[in-house]
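Chemist: Contents are mmCIF, C-alpha atoms and all ligand atoms; file name query_24.cif:
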```cif
data_my_file
loop_
_atom_site.group_PDB
_atom_site.id
_atom_site.type_symbol
_atom_site.label_atom_id
_atom_site.label_comp_id
_atom_site.auth_asym_id
_atom_site.auth_seq_id
_atom_site.Cartn_x
_atom_site.Cartn_y
_atom_site.Cartn_z
ATOM 1 C CA MET A 4 14.190 6.585 -7.626
ATOM 2 C CA ILE A 5 12.791 3.334 -6.241
ATOM 3 C CA LEU A 6 9.719 3.339 -4.031
ATOM 4 C CA CYS A 7 9.010 0.140 -2.113
ATOM 5 C CA GLN A 8 5.326 -0.492 -1.422
ATOM 6 C CA ILE A 9 4.242 -2.777 1.391
ATOM 7 C CA SER A 10 0.669 -3.054 2.561
ATOM 8 C CA ASP A 11 -1.729 -4.490 5.113
ATOM 9 C CA LEU A 12 0.643 -5.298 7.953
ATOM 10 C CA HIS A 13 -2.150 -5.902 10.510
ATOM 11 C CA ILE A 14 0.289 -5.716 13.436
ATOM 12 C CA LYS A 15 -1.170 -6.998 16.724
ATOM 13 C CA ARG A 16 -0.086 -6.512 20.332
ATOM 14 C CA LYS A 17 3.059 -8.453 21.182
ATOM 15 C CA GLY A 18 2.425 -12.187 21.299
ATOM 16 C CA ALA A 19 -0.992 -12.027 19.587
ATOM 17 C CA LEU A 20 -1.763 -13.704 16.269
ATOM 18 C CA ALA A 21 -4.094 -12.290 13.614
ATOM 19 C CA TYR A 22 -7.151 -14.542 13.206
ATOM 20 C CA GLN A 23 -5.556 -16.863 15.823
ATOM 21 C CA ARG A 24 -3.176 -18.057 13.122
ATOM 22 C CA VAL A 25 -0.939 -15.400 11.509
ATOM 23 C CA ASP A 26 2.182 -13.964 13.160
ATOM 24 C CA THR A 27 2.026 -10.600 11.412
ATOM 25 C CA ALA A 28 4.944 -9.121 13.404
ATOM 26 C CA ASP A 29 7.264 -11.939 12.286
ATOM 27 C CA ALA A 30 6.013 -11.488 8.703
ATOM 28 C CA LEU A 31 6.825 -7.771 8.791
ATOM 29 C CA ARG A 32 10.304 -8.413 10.211
ATOM 30 C CA ARG A 33 10.994 -10.863 7.378
ATOM 31 C CA CYS A 34 9.733 -8.283 4.909
ATOM 32 C CA LEU A 35 11.993 -5.557 6.288
ATOM 33 C CA ARG A 36 14.985 -7.907 6.124
ATOM 34 C CA ALA A 37 14.147 -8.498 2.454
ATOM 35 C CA VAL A 38 13.956 -4.728 1.915
ATOM 36 C CA ALA A 39 17.379 -4.339 3.583
ATOM 37 C CA ARG A 40 18.877 -6.892 1.145
ATOM 38 C CA LEU A 41 17.684 -5.025 -1.954
ATOM 39 C CA ARG A 42 20.408 -3.522 -4.164
ATOM 40 C CA PRO A 43 20.065 -0.770 -5.057
ATOM 41 C CA ALA A 44 18.267 0.099 -1.846
ATOM 42 C CA PRO A 45 14.835 1.723 -2.238
ATOM 43 C CA ASP A 46 14.803 5.474 -1.627
ATOM 44 C CA ALA A 47 11.615 5.263 0.426
ATOM 45 C CA VAL A 48 8.907 2.873 1.602
ATOM 46 C CA VAL A 49 5.170 3.547 1.455
ATOM 47 C CA VAL A 50 2.780 1.444 3.537
ATOM 48 C CA THR A 51 -0.710 1.590 2.047
ATOM 49 C CA GLY A 52 -2.792 1.125 5.179
ATOM 50 C CA ASP A 53 -4.034 -1.487 7.640
ATOM 51 C CA LEU A 54 -0.839 -0.826 9.564
ATOM 52 C CA VAL A 55 -2.265 -2.474 12.673
ATOM 53 C CA ASP A 56 -5.258 -4.726 13.266
ATOM 54 C CA MET A 57 -7.480 -3.109 15.902
ATOM 55 C CA GLY A 58 -6.203 0.493 15.916
ATOM 56 C CA ASP A 59 -5.007 0.571 19.516
ATOM 57 C CA ALA A 60 -1.960 2.258 21.042
ATOM 58 C CA GLN A 61 -0.142 -0.960 21.988
ATOM 59 C CA GLU A 62 -0.335 -2.181 18.416
ATOM 60 C CA TYR A 63 1.099 1.098 17.112
ATOM 61 C CA ALA A 64 3.906 0.936 19.695
ATOM 62 C CA HIS A 65 4.700 -2.585 18.447
ATOM 63 C CA LEU A 66 4.642 -1.360 14.831
ATOM 64 C CA ARG A 67 6.962 1.516 15.680
ATOM 65 C CA GLU A 68 9.463 -0.842 17.291
ATOM 66 C CA ILE A 69 9.551 -3.091 14.203
ATOM 67 C CA LEU A 70 9.710 -0.235 11.662
ATOM 68 C CA ALA A 71 12.711 1.237 13.496
ATOM 69 C CA GLU A 72 14.829 -1.330 11.560
ATOM 70 C CA LEU A 73 14.187 0.541 8.302
ATOM 71 C CA ALA A 74 17.093 2.592 6.987
ATOM 72 C CA MET A 75 15.009 4.795 4.639
ATOM 73 C CA PRO A 76 12.022 7.120 5.084
ATOM 74 C CA CYS A 77 8.743 5.260 5.560
ATOM 75 C CA TYR A 78 5.419 6.912 4.706
ATOM 76 C CA LEU A 79 2.335 5.547 6.444
ATOM 77 C CA LEU A 80 -1.275 5.622 5.221
ATOM 78 C CA VAL A 81 -4.424 4.741 7.121
ATOM 79 C CA GLY A 82 -6.646 1.801 6.202
ATOM 80 C CA ASN A 83 -9.947 0.654 7.631
ATOM 81 C CA HIS A 84 -8.169 -1.143 10.522
ATOM 82 C CA ASP A 85 -6.304 2.012 11.595
ATOM 83 C CA HIS A 86 -7.006 4.828 14.026
ATOM 84 C CA ARG A 87 -5.830 8.262 12.921
ATOM 85 C CA GLU A 88 -5.122 9.735 16.362
ATOM 86 C CA ALA A 89 -3.462 6.610 17.766
ATOM 87 C CA LEU A 90 -1.222 6.559 14.689
ATOM 88 C CA ARG A 91 -0.241 10.212 15.127
ATOM 89 C CA GLN A 92 0.488 9.713 18.798
ATOM 90 C CA ALA A 93 2.757 6.752 18.071
ATOM 91 C CA PHE A 94 4.765 8.641 15.416
ATOM 92 C CA PRO A 95 4.873 12.254 16.716
ATOM 93 C CA GLU A 96 8.041 13.068 14.733
ATOM 94 C CA HIS A 97 6.303 12.290 11.427
ATOM 95 C CA ALA A 98 5.041 15.816 10.828
ATOM 96 C CA TRP A 99 3.571 14.819 7.463
ATOM 97 C CA LEU A 100 0.856 12.846 9.308
ATOM 98 C CA GLY A 101 -0.668 16.206 10.251
ATOM 99 C CA ARG A 102 -2.275 17.082 13.558
ATOM 100 C CA GLU A 103 -5.969 16.416 12.946
ATOM 101 C CA GLY A 104 -8.504 15.362 10.339
ATOM 102 C CA PHE A 105 -7.640 13.218 7.358
ATOM 103 C CA VAL A 106 -4.160 11.704 7.087
ATOM 104 C CA GLN A 107 -3.218 13.157 3.682
ATOM 105 C CA TYR A 108 0.123 14.554 2.551
ATOM 106 C CA ALA A 109 2.510 15.163 -0.327
ATOM 107 C CA VAL A 110 6.144 14.008 -0.502
ATOM 108 C CA ASP A 111 8.755 14.996 -3.082
ATOM 109 C CA LEU A 112 10.542 11.838 -4.283
ATOM 110 C CA GLY A 113 12.820 13.587 -6.792
ATOM 111 C CA PRO A 114 11.541 12.729 -10.288
ATOM 112 C CA CYS A 115 7.972 12.338 -9.022
ATOM 113 C CA ARG A 116 5.707 13.161 -6.101
ATOM 114 C CA LEU A 117 3.919 10.840 -3.724
ATOM 115 C CA LEU A 118 0.422 11.986 -2.760
ATOM 116 C CA ALA A 119 -1.220 10.035 0.067
ATOM 117 C CA LEU A 120 -5.016 9.982 0.264
ATOM 118 C CA ASP A 121 -7.109 8.980 3.291
ATOM 119 C CA THR A 122 -9.993 6.644 2.346
ATOM 120 C CA GLN A 123 -10.927 5.675 5.895
ATOM 121 C CA ASP A 124 -14.573 5.950 7.006
ATOM 122 C CA PRO A 125 -14.718 4.823 10.641
ATOM 123 C CA PRO A 126 -16.375 2.773 12.001
ATOM 124 C CA HIS A 127 -17.084 1.203 8.598
ATOM 125 C CA SER A 128 -14.758 -1.219 6.830
ATOM 126 C CA GLY A 129 -15.665 0.297 3.473
ATOM 127 C CA GLY A 130 -13.991 3.544 2.391
ATOM 128 C CA ARG A 131 -15.011 7.017 1.269
ATOM 129 C CA LEU A 132 -13.521 9.686 -0.965
ATOM 130 C CA CYS A 133 -15.720 12.646 -0.073
ATOM 131 C CA ALA A 134 -15.657 16.057 -1.781
ATOM 132 C CA GLN A 135 -13.348 17.480 0.905
ATOM 133 C CA ARG A 136 -10.671 14.847 0.241
ATOM 134 C CA LEU A 137 -10.925 15.176 -3.521
ATOM 135 C CA GLN A 138 -10.641 18.971 -3.196
ATOM 136 C CA TRP A 139 -7.425 18.531 -1.237
ATOM 137 C CA LEU A 140 -6.113 16.241 -3.970
ATOM 138 C CA GLU A 141 -7.087 18.687 -6.720
ATOM 139 C CA ARG A 142 -5.298 21.513 -4.891
ATOM 140 C CA GLU A 143 -2.142 19.435 -4.432
ATOM 141 C CA LEU A 144 -2.118 18.387 -8.090
ATOM 142 C CA GLY A 145 -2.434 22.031 -9.077
ATOM 143 C CA ARG A 146 0.752 22.964 -7.198
ATOM 144 C CA GLU A 147 3.092 21.134 -9.629
ATOM 145 C CA PRO A 148 0.979 20.212 -12.662
ATOM 146 C CA ALA A 149 3.954 19.025 -14.746
ATOM 147 C CA LYS A 150 5.462 16.670 -12.172
ATOM 148 C CA PRO A 151 4.501 12.957 -12.323
ATOM 149 C CA VAL A 152 2.517 11.703 -9.352
ATOM 150 C CA ILE A 153 2.198 8.370 -7.575
ATOM 151 C CA LEU A 154 -1.158 8.501 -5.815
ATOM 152 C CA ALA A 155 -1.359 6.162 -2.809
ATOM 153 C CA MET A 156 -4.565 5.131 -1.032
ATOM 154 C CA HIS A 157 -5.862 2.138 0.925
ATOM 155 C CA HIS A 158 -9.192 1.230 -0.739
ATOM 156 C CA PRO A 159 -8.800 0.752 -4.512
ATOM 157 C CA PRO A 160 -11.161 2.804 -6.711
ATOM 158 C CA PHE A 161 -12.464 -0.157 -8.740
ATOM 159 C CA VAL A 162 -14.508 -3.341 -8.476
ATOM 160 C CA THR A 163 -12.103 -6.275 -8.207
ATOM 161 C CA GLY A 164 -14.497 -9.204 -8.654
ATOM 162 C CA ILE A 165 -13.713 -10.521 -5.151
ATOM 163 C CA GLY A 166 -17.239 -10.068 -3.803
ATOM 164 C CA HIS A 167 -16.697 -9.808 -0.051
ATOM 165 C CA MET A 168 -13.896 -7.253 -0.550
ATOM 166 C CA ASP A 169 -15.894 -5.233 -3.084
ATOM 167 C CA ARG A 170 -18.674 -4.996 -0.487
ATOM 168 C CA ILE A 171 -16.209 -3.093 1.738
ATOM 169 C CA GLY A 172 -14.753 -1.006 -1.095
ATOM 170 C CA LEU A 173 -15.383 2.579 -2.213
ATOM 171 C CA PRO A 174 -18.932 3.620 -3.213
ATOM 172 C CA GLN A 175 -19.608 4.003 -6.938
ATOM 173 C CA GLU A 176 -20.072 7.786 -6.744
ATOM 174 C CA ASP A 177 -16.713 8.188 -4.982
ATOM 175 C CA ARG A 178 -14.951 6.048 -7.590
ATOM 176 C CA GLN A 179 -16.571 8.157 -10.285
ATOM 177 C CA GLY A 180 -15.454 11.372 -8.576
ATOM 178 C CA LEU A 181 -11.851 10.199 -8.530
ATOM 179 C CA ALA A 182 -12.061 9.020 -12.157
ATOM 180 C CA GLU A 183 -13.210 12.483 -13.250
ATOM 181 C CA LEU A 184 -10.402 14.122 -11.269
ATOM 182 C CA VAL A 185 -7.775 11.770 -12.721
ATOM 183 C CA ALA A 186 -9.036 12.611 -16.222
ATOM 184 C CA ARG A 187 -8.256 16.290 -15.514
ATOM 185 C CA HIS A 188 -4.721 15.519 -14.266
ATOM 186 C CA PRO A 189 -2.764 13.349 -16.691
ATOM 187 C CA GLN A 190 0.367 13.646 -14.519
ATOM 188 C CA ILE A 191 -1.065 10.902 -12.282
ATOM 189 C CA GLU A 192 1.278 8.172 -13.440
ATOM 190 C CA ARG A 193 0.009 5.442 -11.121
ATOM 191 C CA ILE A 194 -2.503 4.826 -8.327
ATOM 192 C CA VAL A 195 -1.167 2.319 -5.773
ATOM 193 C CA CYS A 196 -3.544 0.767 -3.247
ATOM 194 C CA GLY A 197 -3.801 -1.853 -0.525
ATOM 195 C CA HIS A 198 -6.815 -3.471 1.191
ATOM 196 C CA LEU A 199 -7.070 -6.461 -1.186
ATOM 197 C CA HIS A 200 -4.034 -8.432 0.072
ATOM 198 C CA ARG A 201 -3.532 -9.462 -3.567
ATOM 199 C CA PRO A 202 -1.861 -8.038 -6.703
ATOM 200 C CA ILE A 203 -4.549 -6.693 -9.072
ATOM 201 C CA GLN A 204 -4.229 -4.117 -11.882
ATOM 202 C CA ARG A 205 -6.689 -2.132 -13.946
ATOM 203 C CA ARG A 206 -6.704 0.749 -16.384
ATOM 204 C CA PHE A 207 -8.052 3.919 -14.768
ATOM 205 C CA GLY A 208 -8.602 6.574 -17.431
ATOM 206 C CA ALA A 209 -5.144 7.571 -18.674
ATOM 207 C CA SER A 210 -3.551 6.093 -15.558
ATOM 208 C CA VAL A 211 -3.104 2.595 -14.107
ATOM 209 C CA VAL A 212 -4.304 1.418 -10.716
ATOM 210 C CA SER A 213 -2.892 -1.524 -8.774
ATOM 211 C CA THR A 214 -3.272 -3.241 -5.422
ATOM 212 C CA CYS A 215 -0.383 -4.702 -3.442
ATOM 213 C CA PRO A 216 -0.088 -8.133 -1.823
ATOM 214 C CA ALA A 217 0.657 -8.375 1.898
ATOM 215 C CA PRO A 218 3.759 -9.474 3.839
ATOM 216 C CA ALA A 219 1.590 -11.924 5.825
ATOM 217 C CA HIS A 220 -1.809 -13.349 4.777
ATOM 218 C CA GLN A 221 -3.335 -12.938 1.308
ATOM 219 C CA VAL A 222 -7.062 -12.746 0.567
ATOM 220 C CA ALA A 223 -8.033 -16.047 -1.089
ATOM 221 C CA PHE A 224 -8.458 -15.769 -4.869
ATOM 222 C CA ASP A 225 -12.125 -16.515 -5.560
ATOM 223 C CA LEU A 226 -14.264 -14.726 -8.148
ATOM 224 C CA ASP A 227 -17.482 -16.419 -7.007
ATOM 225 C CA PRO A 228 -19.579 -13.429 -5.821
ATOM 226 C CA GLU A 229 -20.881 -15.512 -2.907
ATOM 227 C CA ALA A 230 -17.455 -16.795 -1.843
ATOM 228 C CA VAL A 231 -16.920 -17.018 1.906
ATOM 229 C CA PRO A 232 -14.349 -14.406 3.079
ATOM 230 C CA ALA A 233 -11.102 -16.313 3.543
ATOM 231 C CA PHE A 234 -7.330 -15.893 3.523
ATOM 232 C CA ARG A 235 -4.456 -18.102 2.387
ATOM 233 C CA LEU A 236 -0.819 -18.195 3.397
ATOM 234 C CA GLU A 237 0.444 -17.699 -0.156
ATOM 235 C CA PRO A 238 3.951 -16.316 -0.787
ATOM 236 C CA PRO A 239 4.263 -12.948 0.947
ATOM 237 C CA SER A 240 5.230 -10.184 -1.459
ATOM 238 C CA MET A 241 5.874 -6.475 -1.876
ATOM 239 C CA GLN A 242 6.045 -4.167 -4.871
ATOM 240 C CA LEU A 243 8.929 -2.069 -6.150
ATOM 241 C CA HIS A 244 8.018 0.967 -8.221
ATOM 242 C CA ALA A 245 11.093 2.175 -10.086
ATOM 243 C CA TRP A 246 11.223 5.500 -11.877
ATOM 244 C CA ILE A 247 13.242 5.021 -15.072
ATOM 245 C CA ASP A 248 14.119 8.204 -16.941
ATOM 246 C CA GLY A 249 12.550 8.228 -20.369
ATOM 247 C CA GLU A 250 10.211 5.352 -19.416
ATOM 248 C CA GLY A 251 8.214 6.406 -16.397
ATOM 249 C CA LEU A 252 7.196 4.229 -13.478
ATOM 250 C CA VAL A 253 7.933 0.513 -13.895
ATOM 251 C CA SER A 254 6.513 -1.810 -11.227
ATOM 252 C CA HIS A 255 7.796 -5.166 -10.062
ATOM 253 C CA GLN A 256 6.333 -7.679 -7.675
ATOM 254 C CA VAL A 257 9.002 -9.193 -5.429
ATOM 255 C CA VAL A 258 8.487 -12.220 -3.179
ATOM 256 C CA ILE A 259 9.781 -11.766 0.342
ATOM 257 C CA GLU A 260 10.958 -15.265 1.276
ATOM 258 C CA ASP A 261 14.165 -16.785 -0.067
ATOM 259 C CA TYR A 262 13.833 -19.324 -2.876
ATOM 260 C CA PRO A 263 16.631 -21.384 -4.473
ATOM 261 C CA GLY A 264 18.837 -19.391 -6.886
ATOM 262 C CA PRO A 265 19.727 -17.158 -8.540
ATOM 263 C CA TYR A 266 21.267 -19.578 -11.071
ATOM 264 C CA PRO A 267 23.072 -17.960 -14.034
ATOM 265 C CA PHE A 268 21.638 -18.981 -17.426
ATOM 266 C CA PHE A 269 24.334 -21.401 -18.771
ATOM 267 C CA GLU A 270 24.352 -23.490 -21.948
ATOM 268 C CA SER A 271 25.275 -27.211 -21.533
ATOM 269 C CA ASP A 272 28.854 -26.362 -22.678
ATOM 270 C CA GLY A 273 29.198 -23.872 -19.841
ATOM 271 C CA SER A 274 28.906 -20.713 -21.921
ATOM 272 C CA LEU A 275 26.611 -18.000 -20.690
ATOM 273 C CA ILE A 276 23.324 -17.638 -22.572
ATOM 274 C CA ASP A 277 22.893 -14.111 -23.937
HETATM 275 FE FE FE B 1 -5.948 -5.428 5.188
HETATM 276 FE FE FE B 2 -8.338 -2.851 4.507
#
```
Here is a file; write its structure as structure tokens.
Ligand SMILES: [Fe+2]
Ligand SMILES: [Fe+2]
Modeler:
Amino acid sequence: MILCQISDLHIKRKGALAYQRVDTADALRRCLRAVARLRPAPDAVVVTGDLVDMGDAQEYAHLREILAELAMPCYLLVGNHDHREALRQAFPEHAWLGREGFVQYAVDLGPCRLLALDTQDPPHSGGRLCAQRLQWLERELGREPAKPVILAMHHPPFVTGIGHMDRIGLPQEDRQGLAELVARHPQIERIVCGHLHRPIQRRFGASVVSTCPAPAHQVAFDLDPEAVPAFRLEPPSMQLHAWIDGEGLVSHQVVIEDYPGPYPFFESDGSLID
């Protein structure tokens, strides 16, 4: 089972650029072409929030048109830039989005389950994991306690050191609540997040938490707490989470654009290096 994670698409209305500079629709199309070239093909795609930029219906219609290229199931999460009802209206056939309230659901991926958590707290950019959401998660985990789980959410439950992003993260008490829950459920193999537009990993109790880079703009790497919020057009990337029997979940970062190669490893006499 291979789950492809992409995150923070920030799709605008047709013809509009994000921050007057970034063609996020073109970036997503390039990303989906890269997904289509993958062999073996991923079994499913999960998009960990910030699907669109302003949360309006025209942006979701644009997103829907682009995502139609995908040949495998695609599971959508909300981020702080999303709008729950506009998302549901744009994808009415996606019953797993639910009809009202938080956008949270469980998907069976074969050897493991995907649980999607809603960390949105409109109109704030920061997130929340209130008692109601954690109760839902605890109930879902109780349904199949022996089956490994990939927990997906937009806001990561840790301090990253990128000050302006941490200021729109999850509150300390909410992070603590999730940490206590994860400690009770060792089947949570991995927590995969978005929001940061960068790849970052951290231990989280007996689990591991990571954030995913974006197919378009990345948040500038700067650990100065007073750094000015900024983005860079660094290589767009996605993550591939592969379930390997006997190993567990093994995660790879894959750049989206084409680079020279692959070149086989040859010795100077032409023999293949082992
Ligand atoms: Fe984002
Ligand atoms: Fe975000």
Chemist: Closest to ligand FE 1 (chain B) among A:Asp26, A:Asp85, A:Asp261, A:Asp272, using only C-alpha atoms and all ligand atoms?
Modeler: A:Asp85
Chemist: Taking all atoms listed in the file into account, produce a table as a Markdown table in which each residue of stretch 184-258 of chain A with an atom at most 10 Å from an atom of stretch 135-150 of chain A appears once, together with its shortest atom pair and the distance in Å to one decimal, ordered by chain and rising number.
Modeler:
```
| residue | atom | partner | partner_atom | distance |
| --- | --- | --- | --- | --- |
| A:Leu184 | CA | A:Glu141 | CA | 7.2 |
| A:Val185 | CA | A:Glu141 | CA | 9.2 |
| A:Arg187 | CA | A:Glu141 | CA | 9.2 |
| A:His188 | CA | A:Leu144 | CA | 7.3 |
| A:Pro189 | CA | A:Pro148 | CA | 8.8 |
| A:Gln190 | CA | A:Lys150 | CA | 6.4 |
| A:Ile191 | CA | A:Leu144 | CA | 8.6 |
| A:Glu192 | CA | A:Lys150 | CA | 9.6 |
```
Chemist: List as a PyMOL selection string the protein and nucleic acid residues lying within 8 Å of ligand FE 2 (chain B), with all atoms listed in the file counted.
Modeler: chain A and resi 11+52-53+82-84+128+157-158+197-199
Chemist: Could those selected residues go to a file with C-alpha atoms, as a PDB file, keeping the file's coordinate frame?
Modeler:
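Once everything was written out, this is part_3.pdb:
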```pdb
ATOM      1  CA  ASP A  11      -1.729  -4.490   5.113  1.00  0.00           C
ATOM      2  CA  GLY A  52      -2.792   1.125   5.179  1.00  0.00           C
ATOM      3  CA  ASP A  53      -4.034  -1.487   7.640  1.00  0.00           C
ATOM      4  CA  GLY A  82      -6.646   1.801   6.202  1.00  0.00           C
ATOM      5  CA  ASN A  83      -9.947   0.654   7.631  1.00  0.00           C
ATOM      6  CA  HIS A  84      -8.169  -1.143  10.522  1.00  0.00           C
ATOM      7  CA  SER A 128     -14.758  -1.219   6.830  1.00  0.00           C
ATOM      8  CA  HIS A 157      -5.862   2.138   0.925  1.00  0.00           C
ATOM      9  CA  HIS A 158      -9.192   1.230  -0.739  1.00  0.00           C
ATOM     10  CA  GLY A 197      -3.801  -1.853  -0.525  1.00  0.00           C
ATOM     11  CA  HIS A 198      -6.815  -3.471   1.191  1.00  0.00           C
ATOM     12  CA  LEU A 199      -7.070  -6.461  -1.186  1.00  0.00           C
TER      13      LEU A 199
END
```
Chemist: Which neighbours of stretch 28-37 of chain A fall inside 6 Å, counting all atoms listed in the file, when residues of the same chain fewer than 6 positions from it are skipped, and could you give them as a PDB file with C-alpha atoms, keeping the file's coordinate frame?
Modeler:
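Contents of out_24.pdb, freshly written:
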```pdb
ATOM      1  CA  ILE A  14       0.289  -5.716  13.436  1.00  0.00           C
ATOM      2  CA  PRO A 218       3.759  -9.474   3.839  1.00  0.00           C
ATOM      3  CA  ALA A 219       1.590 -11.924   5.825  1.00  0.00           C
ATOM      4  CA  ILE A 259       9.781 -11.766   0.342  1.00  0.00           C
TER       5      ILE A 259
END
```
Chemist: Could you tell me how far atom CA of A:Arg206 lies from atom CA of A:Pro76, in Å and to one decimal?
Modeler: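 So the answer is 29.2 Å.
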Chemist: Choose the residue, out of A:Ile171, A:Leu100, A:Leu70, A:Ala134, that has the smallest atom-to-atom separation from ligand FE 1 (chain B); count only C-alpha atoms and all ligand atoms.
Modeler: A:Ile171
